[in-house]
Structure formats: structure tokens, C-alpha cells
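The file structure.txt contains compact mmCIF, C-alpha atoms:
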```
# COMPACT_ATOMS: atom_id res chain seq x y z
CA MET X 1 152.98 135.57 132.91
CA GLY X 2 155.18 135.03 129.85
CA ILE X 3 153.45 135.81 126.59
CA SER X 4 150.32 137.01 128.42
CA LEU X 5 152.31 140.12 129.37
CA PHE X 6 152.02 141.20 125.73
CA ASN X 7 148.34 140.34 125.27
CA LEU X 8 146.18 143.32 124.28
CA ASP X 9 142.79 141.57 124.23
CA LYS X 10 139.88 143.88 125.11
CA LYS X 11 142.10 146.95 124.78
CA ILE X 12 141.02 149.96 122.71
CA ALA X 13 143.88 151.62 120.81
CA LEU X 14 143.61 154.98 119.06
CA VAL X 15 146.41 155.40 116.51
CA THR X 16 146.51 158.78 114.80
CA GLY X 17 147.61 158.81 111.17
CA SER X 18 147.01 155.07 110.86
CA THR X 19 145.60 154.82 107.33
CA HIS X 20 148.99 153.94 105.80
CA GLY X 21 152.74 153.69 106.30
CA LEU X 22 154.42 153.27 109.66
CA GLY X 23 151.26 154.21 111.56
CA MET X 24 149.39 151.36 109.92
CA ALA X 25 152.28 148.96 110.55
CA MET X 26 152.26 149.73 114.28
CA ALA X 27 148.46 149.61 114.47
CA MET X 28 148.48 146.25 112.67
CA GLY X 29 150.85 144.93 115.31
CA LEU X 30 148.62 146.15 118.13
CA GLY X 31 145.57 144.65 116.41
CA LYS X 32 147.22 141.26 115.94
CA ALA X 33 148.07 141.31 119.65
CA GLY X 34 144.33 141.61 120.34
CA ALA X 35 143.55 145.32 120.46
CA THR X 36 140.60 146.97 118.75
CA ILE X 37 142.01 149.72 116.53
CA ILE X 38 140.52 153.18 116.17
CA VAL X 39 141.84 154.31 112.78
CA ASN X 40 142.36 158.04 112.39
CA GLY X 41 143.14 160.16 109.36
CA ASN X 42 142.19 163.55 107.99
CA SER X 43 142.70 163.45 104.22
CA SER X 44 139.46 161.70 103.17
CA GLN X 45 136.76 159.42 104.52
CA LYS X 46 137.40 157.00 101.63
CA LYS X 47 141.01 156.56 102.70
CA ILE X 48 139.87 155.79 106.23
CA ASP X 49 137.22 153.34 105.02
CA ASP X 50 139.74 151.58 102.77
CA ALA X 51 142.18 151.32 105.68
CA VAL X 52 139.50 149.83 107.96
CA LEU X 53 138.86 147.15 105.33
CA GLU X 54 142.58 146.39 105.20
CA TYR X 55 142.67 145.88 108.97
CA GLU X 56 139.58 143.69 108.83
CA ARG X 57 141.17 141.52 106.13
CA GLU X 58 143.90 140.80 108.66
CA GLY X 59 141.31 139.71 111.22
CA ILE X 60 141.56 142.94 113.23
CA LYS X 61 138.54 144.73 114.64
CA ALA X 62 138.82 148.35 113.49
CA PHE X 63 136.70 151.50 113.32
CA GLY X 64 137.48 154.71 111.47
CA PHE X 65 137.28 158.32 112.65
CA LYS X 66 138.10 161.32 110.50
CA PHE X 67 139.33 164.31 112.50
CA ASN X 68 142.12 166.84 112.39
CA VAL X 69 144.48 166.25 115.32
CA THR X 70 145.50 169.92 115.36
CA LYS X 71 141.93 171.15 115.94
CA GLU X 72 141.06 170.90 119.62
CA LEU X 73 137.27 171.01 119.19
CA GLU X 74 137.38 168.23 116.58
CA VAL X 75 139.53 166.14 118.90
CA ILE X 76 137.21 166.71 121.86
CA ASP X 77 134.17 165.64 119.83
CA ALA X 78 135.94 162.59 118.37
CA ILE X 79 137.28 161.33 121.70
CA ARG X 80 133.84 161.73 123.27
CA GLU X 81 132.22 159.76 120.44
CA ILE X 82 134.88 157.03 120.49
CA GLN X 83 134.51 156.51 124.22
CA GLN X 84 130.71 156.57 124.10
CA ASN X 85 130.55 154.02 121.28
CA TYR X 86 133.49 151.70 122.00
CA GLY X 87 134.64 152.32 125.57
CA ALA X 88 137.60 153.97 127.22
CA ILE X 89 140.79 154.37 125.20
CA ASP X 90 143.47 152.19 126.80
CA ILE X 91 146.28 152.94 124.33
CA LEU X 92 147.02 156.16 122.47
CA VAL X 93 149.66 156.28 119.74
CA ASN X 94 150.41 159.84 118.62
CA ASN X 95 151.71 159.03 115.16
CA ALA X 96 150.24 161.68 112.83
CA GLY X 97 153.01 163.83 111.41
CA ILE X 98 154.32 165.80 108.44
CA ILE X 99 157.69 166.95 107.17
CA LYS X 100 158.61 169.86 104.93
CA ARG X 101 162.12 169.68 103.48
CA THR X 102 163.25 173.28 103.14
CA PRO X 103 166.46 175.01 104.25
CA LEU X 104 165.71 177.08 107.34
CA GLU X 105 166.78 180.35 105.73
CA GLU X 106 164.25 179.76 102.94
CA MET X 107 161.39 178.36 105.01
CA GLU X 108 158.20 180.35 105.37
CA VAL X 109 157.12 180.98 108.95
CA ASP X 110 153.67 179.52 108.25
CA ASP X 111 155.25 176.27 107.00
CA PHE X 112 157.45 176.07 110.10
CA LYS X 113 154.40 176.58 112.33
CA GLU X 114 152.40 173.94 110.46
CA VAL X 115 155.06 171.30 111.11
CA ILE X 116 155.20 172.25 114.79
CA ASP X 117 151.39 172.13 115.03
CA VAL X 118 151.07 168.66 113.54
CA ASP X 119 154.18 167.02 114.97
CA LEU X 120 154.33 168.59 118.44
CA VAL X 121 151.14 170.45 119.36
CA SER X 122 148.75 167.71 118.20
CA PRO X 123 150.21 165.04 120.56
CA PHE X 124 149.56 167.50 123.39
CA ILE X 125 145.98 168.16 122.21
CA VAL X 126 145.05 164.49 121.76
CA SER X 127 146.84 163.28 124.90
CA LYS X 128 145.19 165.98 127.01
CA GLN X 129 141.74 164.67 126.05
CA VAL X 130 142.54 160.96 126.28
CA VAL X 131 144.48 161.11 129.54
CA LYS X 132 141.54 162.46 131.55
CA ASN X 133 139.79 159.09 131.42
CA MET X 134 143.09 157.27 131.98
CA ILE X 135 143.64 159.29 135.16
CA ASP X 136 140.13 158.40 136.36
CA ARG X 137 140.75 154.69 135.71
CA LYS X 138 144.34 154.76 137.02
CA GLN X 139 145.73 153.04 133.93
CA GLY X 140 146.76 153.78 130.36
CA LYS X 141 149.52 153.80 127.76
CA ILE X 142 150.58 156.75 125.60
CA ILE X 143 153.16 156.24 122.86
CA ASN X 144 154.55 159.30 121.08
CA ILE X 145 156.19 158.66 117.73
CA CYS X 146 159.43 160.58 117.83
CA SER X 147 162.32 160.30 115.37
CA MET X 148 166.07 160.08 115.11
CA MET X 149 165.66 163.82 114.59
CA SER X 150 164.70 163.91 118.27
CA GLU X 151 168.47 163.48 118.76
CA LEU X 152 170.16 164.62 115.54
CA GLY X 153 169.89 167.42 113.00
CA ARG X 154 169.96 167.07 109.23
CA ASN X 155 169.92 169.50 106.35
CA THR X 156 166.49 170.85 105.30
CA VAL X 157 164.50 169.30 108.20
CA GLY X 158 164.92 172.00 110.84
CA ALA X 159 161.20 172.38 111.61
CA TYR X 160 160.74 168.61 111.84
CA ALA X 161 163.79 168.24 114.10
CA ALA X 162 162.56 171.07 116.32
CA ALA X 163 159.16 169.38 116.64
CA LYS X 164 160.54 165.88 117.25
CA GLY X 165 163.10 167.15 119.73
CA GLY X 166 160.27 168.90 121.52
CA LEU X 167 158.18 165.72 121.42
CA LYS X 168 160.95 163.83 123.20
CA MET X 169 160.86 166.38 126.03
CA LEU X 170 157.06 166.47 126.03
CA THR X 171 157.11 162.68 126.48
CA GLN X 172 159.38 163.03 129.49
CA ASN X 173 157.22 165.75 131.00
CA MET X 174 154.03 163.75 130.43
CA ALA X 175 155.69 160.92 132.36
CA THR X 176 156.74 163.35 135.08
CA GLU X 177 153.15 164.52 135.57
CA TRP X 178 151.11 161.39 134.83
CA ALA X 179 153.17 158.38 135.95
CA LYS X 180 151.70 158.74 139.47
CA HIS X 181 148.33 157.75 137.97
CA ASN X 182 149.73 154.40 136.74
CA ILE X 183 149.98 155.71 133.18
CA GLN X 184 153.05 154.91 131.10
CA ILE X 185 154.14 157.48 128.52
CA ASN X 186 157.01 156.54 126.22
CA GLY X 187 158.14 157.09 122.65
CA ILE X 188 159.35 155.24 119.58
CA GLY X 189 161.98 156.78 117.33
CA PRO X 190 161.94 155.10 113.91
CA GLY X 191 165.03 155.05 111.73
CA TYR X 192 164.84 154.76 107.94
CA PHE X 193 162.19 152.35 106.73
CA ALA X 194 161.22 150.73 103.46
CA THR X 195 157.85 152.31 102.72
CA SER X 196 156.02 153.36 99.57
CA GLN X 197 157.29 156.90 100.17
CA THR X 198 160.95 155.80 100.18
CA ALA X 199 160.60 153.35 97.27
CA PRO X 200 161.91 155.80 94.60
CA ILE X 201 165.22 156.24 96.43
CA ARG X 202 165.68 152.66 97.67
CA ILE X 203 167.59 151.72 94.54
CA GLU X 204 171.15 150.43 94.58
CA GLY X 205 173.39 153.20 93.34
CA HIS X 206 171.09 155.99 94.47
CA PRO X 207 173.24 158.27 96.69
CA PHE X 208 170.76 158.39 99.58
CA ASN X 209 170.10 154.65 99.46
CA ASP X 210 173.82 153.96 99.59
CA PHE X 211 174.24 156.46 102.41
CA ILE X 212 171.54 154.80 104.55
CA VAL X 213 172.77 151.26 103.92
CA ASN X 214 176.36 152.23 104.71
CA ARG X 215 175.44 154.44 107.68
CA THR X 216 173.25 151.79 109.34
CA PRO X 217 175.16 149.09 111.27
CA SER X 218 172.45 146.58 110.28
CA GLY X 219 173.30 147.38 106.66
CA LYS X 220 169.74 147.77 105.43
CA TRP X 221 166.51 149.76 105.55
CA GLY X 222 164.03 148.77 108.23
CA ASP X 223 160.92 146.74 107.51
CA PRO X 224 157.81 148.61 108.78
CA ASN X 225 156.80 145.43 110.61
CA ASP X 226 159.94 145.87 112.73
CA LEU X 227 158.10 148.65 114.57
CA ALA X 228 155.25 146.39 115.67
CA GLY X 229 157.20 144.72 118.48
CA ALA X 230 158.20 148.02 120.07
CA ALA X 231 154.61 149.26 119.86
CA ILE X 232 153.20 146.07 121.40
CA PHE X 233 155.81 146.18 124.18
CA LEU X 234 155.07 149.79 125.12
CA ALA X 235 151.30 149.21 124.89
CA SER X 236 151.30 146.09 127.06
CA ASP X 237 151.78 145.13 130.70
CA ALA X 238 155.36 144.19 129.85
CA SER X 239 156.29 147.90 130.10
CA ASN X 240 154.41 148.75 133.30
CA PHE X 241 157.42 150.29 135.07
CA ILE X 242 158.92 152.04 132.04
CA ASN X 243 158.20 155.72 131.76
CA GLY X 244 159.61 158.69 129.84
CA HIS X 245 161.88 156.71 127.52
CA ILE X 246 162.31 156.70 123.74
CA ILE X 247 163.04 153.36 122.04
CA TYR X 248 164.97 153.99 118.83
CA VAL X 249 164.18 151.35 116.22
CA ASP X 250 166.94 152.37 113.83
CA GLY X 251 169.20 149.42 113.05
CA GLY X 252 171.89 150.97 115.22
CA ILE X 253 172.36 154.34 113.50
CA LEU X 254 172.37 156.32 116.73
CA ALA X 255 174.91 153.95 118.25
CA THR X 256 177.73 154.91 115.91
CA ILE X 257 179.39 157.87 114.23
CA GLY X 258 179.39 155.83 111.01
CA LYS X 259 181.97 154.25 108.74
CA PRO X 260 185.00 156.11 107.44
CA SER X 261 184.87 156.57 103.66
CA ASN X 262 187.75 154.08 103.21
CA GLU X 263 186.13 151.32 105.26
CA ASN X 264 184.14 148.53 103.65
```
Please go through the file and, once you have read it, give me the structure as C-alpha cells.
Amino acid sequence: MGISLFNLDKKIALVTGSTHGLGMAMAMGLGKAGATIIVNGNSSQKKIDDAVLEYEREGIKAFGFKFNVTKELEVIDAIREIQQNYGAIDILVNNAGIIKRTPLEEMEVDDFKEVIDVDLVSPFIVSKQVVKNMIDRKQGKIINICSMMSELGRNTVGAYAAAKGGLKMLTQNMATEWAKHNIQINGIGPGYFATSQTAPIRIEGHPFNDFIVNRTPSGKWGDPNDLAGAAIFLASDASNFINGHIIYVDGGILATIGKPSNEN
């Protein structure tokens, strides 16, 4: 047993939204543990091709598929092609997501619906197609990428929080319905991470940077690579009797109410 529990050799992992950022970091971890990565994106074929090259430079076998995770027919066609060309999908990571920062009273209904579609409906659409083969084979791993907003609210992210809160409950219900088929469905809730998107505000003296550093018991932003271990764990045999849980990789934010303003 030991380290072999975490070995993903010969596993096929589809990671949605894996051309950059936290999705790529988690997919890189799965790939370095032995999995073949199916890279998904929807913005451009070039971005997918460039991402595949980046995985290959790290010694990871990867193949790219462009499809919109909110479009059921596109998903059906893509999953069929993936499984015909590369074999059954053993691991699904529902990572694709968007956020629109707008106060609820100012948010357009169409914008609210778009966030719900991408962040909540698409994990249902993709999982529904992938799980059919998992049920037939009596094995599989589904990892839904939730958020601290699955537990907490914050100004201007009401649609995102609604979607991620819903995704937490969808994860639990997937486990309720599919665990009997020897499928494990769990989630990862990332905290605040040092990515290219957060670079402009990760400057000492910036109010949000100082807030995150002071609010996080670990006293720092997360490194995207910190998510790889959680992804490998939930994708591997090491988590075979874990179902319906969310692992929060947040440096301890959800563990505490935070520091008083007069505390160092």
C-alpha cells in the first residue's frame, strides 16, 4: 500500500477549465501522479493547444478538447469522442467557473443566470454524461471545485456564492445517489491563491492583500500547487471510503472569525 494508494497510472482524468490557473495546477498534480489529462477549455483552440504543450513539457500525457460545458449536446459529443479515442474517464474534475462582481441589487438577471449555468449547472451536465460509464464499470472519482463561498457570503459575489453553495449540496446529493456504485464524489474549496489574476492586488499595502494576509491564520496567500495534493488524494484509492465531503484548502480561514483590529 503506502504511496501506491496515490498512484494514478493508467487513469484518464478530464479537468474542465484546465488551460490555466487553479484548474491547470490541479491537473498538473494529477498528471505528475500518473494520470493522462484531458484538457478542456472554451475560449480558443490555440489556448488549449498551448496548454497541452505546457503539460507535455512537464512530462505529462495530455490531449485537448474544446467544448462549452454549459451546452449539453457539445458535452455529449465530447465525452463520446474522448471515451472512443482514449478510454473511459476515471476522474472528472468540474473546475470550469466564472465570477461576476456586482451588487445583487444592480445585477442583471441574465448575468446571474450565466454564473449559475457555468458554476452549478455545468457540473451537473458533465457529471451526468461521465457517470454513466462509471456506473457501468462500478468505479470512478468526481471532484467538484467549490469555494469558501460555499460556506460564506461576501459583498458583490451573490451569484457566485449561490452557485457554489448549490454545488456543495449537489456534491452531497451526487454522493447520495452514486456512492452505491463505488463512485466517490467530493469537492475542493480553494481559499485565496497567488495566481496571475490576483497579482495586481497581491502587493504589500494594498487593502485587499493586507486583509487576506491578516484574515488567514497561515498569514499568506496560497500557492496554486497547494491544491495538487487534495486533488490527487480525492482522485486516488486513498479516498475510497470518502464521499460527499468538501476539503477546504484555505490556510485556515474558515476555522476562525479572524483577528481583532487591535491584535498583531
Quiz item: How many Å separate atom CA of X:Asn85 from atom CA of X:Gly140?
Solution: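 Atom CA of X:Gly140 lies at a distance of 18.6 Å from atom CA of X:Asn85.
Interatomic distance, atom CA of X:Asn94 to atom CA of X:Tyr160: 15.2 Å.
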Exercise. Quote the spacing between atom CA of X:Ala175 and atom CA of X:Asn144 in Å to one decimal place.
Key: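 A separation of 11.5 Å between them.
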Quiz item: Looking at only C-alpha atoms, which of X:Asn225, X:Asn240, X:Ser196, X:Asn155 is the one that sits closest to X:Asn182?
Solution: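 The answer is X:Asn240, which sits nearest to X:Asn182.
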Practice problem: Show which residues sit within 12 Å of stretch 197-210 of chain X, as a list in words. Count all atoms listed in the file, and ignore same-chain residues fewer than 3 positions away. | Solution: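 The residues satisfying every condition are His20, Gly21, Leu22, Tyr192, Phe193, Ala194, Val213, Asn214, Arg215, Thr216, Gly219, Lys220, Trp221, Gly222, Asp223 and Pro224 of chain X.
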Quiz item: Hey, which of X:Lys113, X:His245, X:Lys11, X:Lys141 ends up closest to X:Ala159? Count all atoms listed in the file.
Solution: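 Selected residue with least distance to X:Ala159: X:Lys113.
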Quiz item: Hey, can you pull every residue with an atom no more than 12 Å from (151.3, 144.7, 131.8), using only C-alpha atoms, and send it as a ChimeraX atom specification?
Solution: /X:1-9,11,90,139-141,182-184,232-242
Quiz item: For X:Pro123, which residue among X:Ile185, X:Ile60, X:Met149, X:Ile99 is the nearest when counting all atoms listed in the file?
Solution: X:Ile185
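For X:Ala230, the residues within 8 Å (counting only C-alpha atoms, excluding itself and residues fewer than 5 positions away along the chain) are X:Ile188, X:Ile247, X:Val249.
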Self-check item: Selected residue of minimal separation from X:Val130 among X:Ile82, X:Met107, X:Leu170, X:Val52, counting only C-alpha atoms
Solution: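 Smallest distance to X:Val130 is found for X:Ile82.
With only C-alpha atoms as the atoms that count, the minimum distance from X:Lys128 to the choices X:Met174, X:Gly187, X:Glu151, X:Tyr86 is reached by X:Met174.
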Quiz item: Contacts of X:Tyr248 at 9 Å or less, counting all atoms listed in the file, minus same-chain residues fewer than 5 places along, as a ChimeraX atom specification?
Solution: /X:146-148,187-191,254
Self-check item: Long-range neighbours of X:Thr36 as a ChimeraX atom specification, 7 Å cut-off, all atoms listed in the file, 3 positions minimum in chain
Solution: /X:11-13,31,60-62
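Residues in contact range of X:Thr156, defined as at most 10 Å between all atoms listed in the file, with sequence neighbours fewer than 6 positions away removed, read Ile99, Lys100, Arg101, Thr102, Pro103, Leu104, Glu105, Glu106 and Met107 of chain X.
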Practice problem: Give as a VMD selection string every residue, naming chains and numbers as the document does, that has an atom within 12 Å of (151.5, 169.4, 118.6), counting all atoms listed in the file. | Solution: chain X and resid 68 to 72 94 to 98 113 to 128 144 to 146 160 162 to 168 170 to 171
Quiz prompt | Closest of X:Ile143, X:Gly64, X:Met24, X:Gln129 to X:Ile79 - atom-to-atom distances counting all atoms listed in the file | solution =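 With all atoms listed in the file as the atom set, the closest residue is X:Gln129.
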Please rebuild stretch 242-253 of chain X with N, CA, C and O atoms and return the result as a PDB file, in the coordinates of the input.
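After the write, result06.pdb holds the following:
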```pdb
ATOM      1  N   ILE X 242     158.078 151.266 132.959  1.00  0.00           N
ATOM      2  CA  ILE X 242     158.920 152.040 132.040  1.00  0.00           C
ATOM      3  C   ILE X 242     158.200 153.338 131.734  1.00  0.00           C
ATOM      4  O   ILE X 242     157.042 153.322 131.320  1.00  0.00           O
ATOM      5  N   ASN X 243     158.871 154.447 131.946  1.00  0.00           N
ATOM      6  CA  ASN X 243     158.200 155.720 131.760  1.00  0.00           C
ATOM      7  C   ASN X 243     159.194 156.792 131.308  1.00  0.00           C
ATOM      8  O   ASN X 243     160.288 156.907 131.866  1.00  0.00           O
ATOM      9  N   GLY X 244     158.811 157.552 130.293  1.00  0.00           N
ATOM     10  CA  GLY X 244     159.610 158.690 129.840  1.00  0.00           C
ATOM     11  C   GLY X 244     160.780 158.332 128.958  1.00  0.00           C
ATOM     12  O   GLY X 244     161.689 159.148 128.774  1.00  0.00           O
ATOM     13  N   HIS X 245     160.763 157.142 128.357  1.00  0.00           N
ATOM     14  CA  HIS X 245     161.880 156.710 127.520  1.00  0.00           C
ATOM     15  C   HIS X 245     161.492 156.699 126.039  1.00  0.00           C
ATOM     16  O   HIS X 245     160.318 156.566 125.690  1.00  0.00           O
ATOM     17  N   ILE X 246     162.501 156.827 125.192  1.00  0.00           N
ATOM     18  CA  ILE X 246     162.310 156.700 123.740  1.00  0.00           C
ATOM     19  C   ILE X 246     163.077 155.461 123.286  1.00  0.00           C
ATOM     20  O   ILE X 246     164.282 155.337 123.545  1.00  0.00           O
ATOM     21  N   ILE X 247     162.383 154.532 122.636  1.00  0.00           N
ATOM     22  CA  ILE X 247     163.040 153.360 122.040  1.00  0.00           C
ATOM     23  C   ILE X 247     163.316 153.689 120.583  1.00  0.00           C
ATOM     24  O   ILE X 247     162.393 153.954 119.796  1.00  0.00           O
ATOM     25  N   TYR X 248     164.595 153.685 120.213  1.00  0.00           N
ATOM     26  CA  TYR X 248     164.970 153.990 118.830  1.00  0.00           C
ATOM     27  C   TYR X 248     165.092 152.678 118.046  1.00  0.00           C
ATOM     28  O   TYR X 248     165.938 151.837 118.351  1.00  0.00           O
ATOM     29  N   VAL X 249     164.208 152.543 117.068  1.00  0.00           N
ATOM     30  CA  VAL X 249     164.180 151.350 116.220  1.00  0.00           C
ATOM     31  C   VAL X 249     164.849 151.760 114.911  1.00  0.00           C
ATOM     32  O   VAL X 249     164.202 152.147 113.940  1.00  0.00           O
ATOM     33  N   ASP X 250     166.188 151.715 114.901  1.00  0.00           N
ATOM     34  CA  ASP X 250     166.940 152.370 113.830  1.00  0.00           C
ATOM     35  C   ASP X 250     168.074 151.532 113.242  1.00  0.00           C
ATOM     36  O   ASP X 250     168.903 152.044 112.493  1.00  0.00           O
ATOM     37  N   GLY X 251     168.127 150.259 113.591  1.00  0.00           N
ATOM     38  CA  GLY X 251     169.200 149.420 113.050  1.00  0.00           C
ATOM     39  C   GLY X 251     170.574 149.770 113.577  1.00  0.00           C
ATOM     40  O   GLY X 251     171.578 149.302 113.063  1.00  0.00           O
ATOM     41  N   GLY X 252     170.624 150.624 114.601  1.00  0.00           N
ATOM     42  CA  GLY X 252     171.890 150.970 115.220  1.00  0.00           C
ATOM     43  C   GLY X 252     172.495 152.298 114.802  1.00  0.00           C
ATOM     44  O   GLY X 252     173.616 152.621 115.207  1.00  0.00           O
ATOM     45  N   ILE X 253     171.780 153.093 114.013  1.00  0.00           N
ATOM     46  CA  ILE X 253     172.360 154.340 113.500  1.00  0.00           C
ATOM     47  C   ILE X 253     172.836 155.251 114.636  1.00  0.00           C
ATOM     48  O   ILE X 253     173.941 155.795 114.592  1.00  0.00           O
TER      49      ILE X 253
END
```
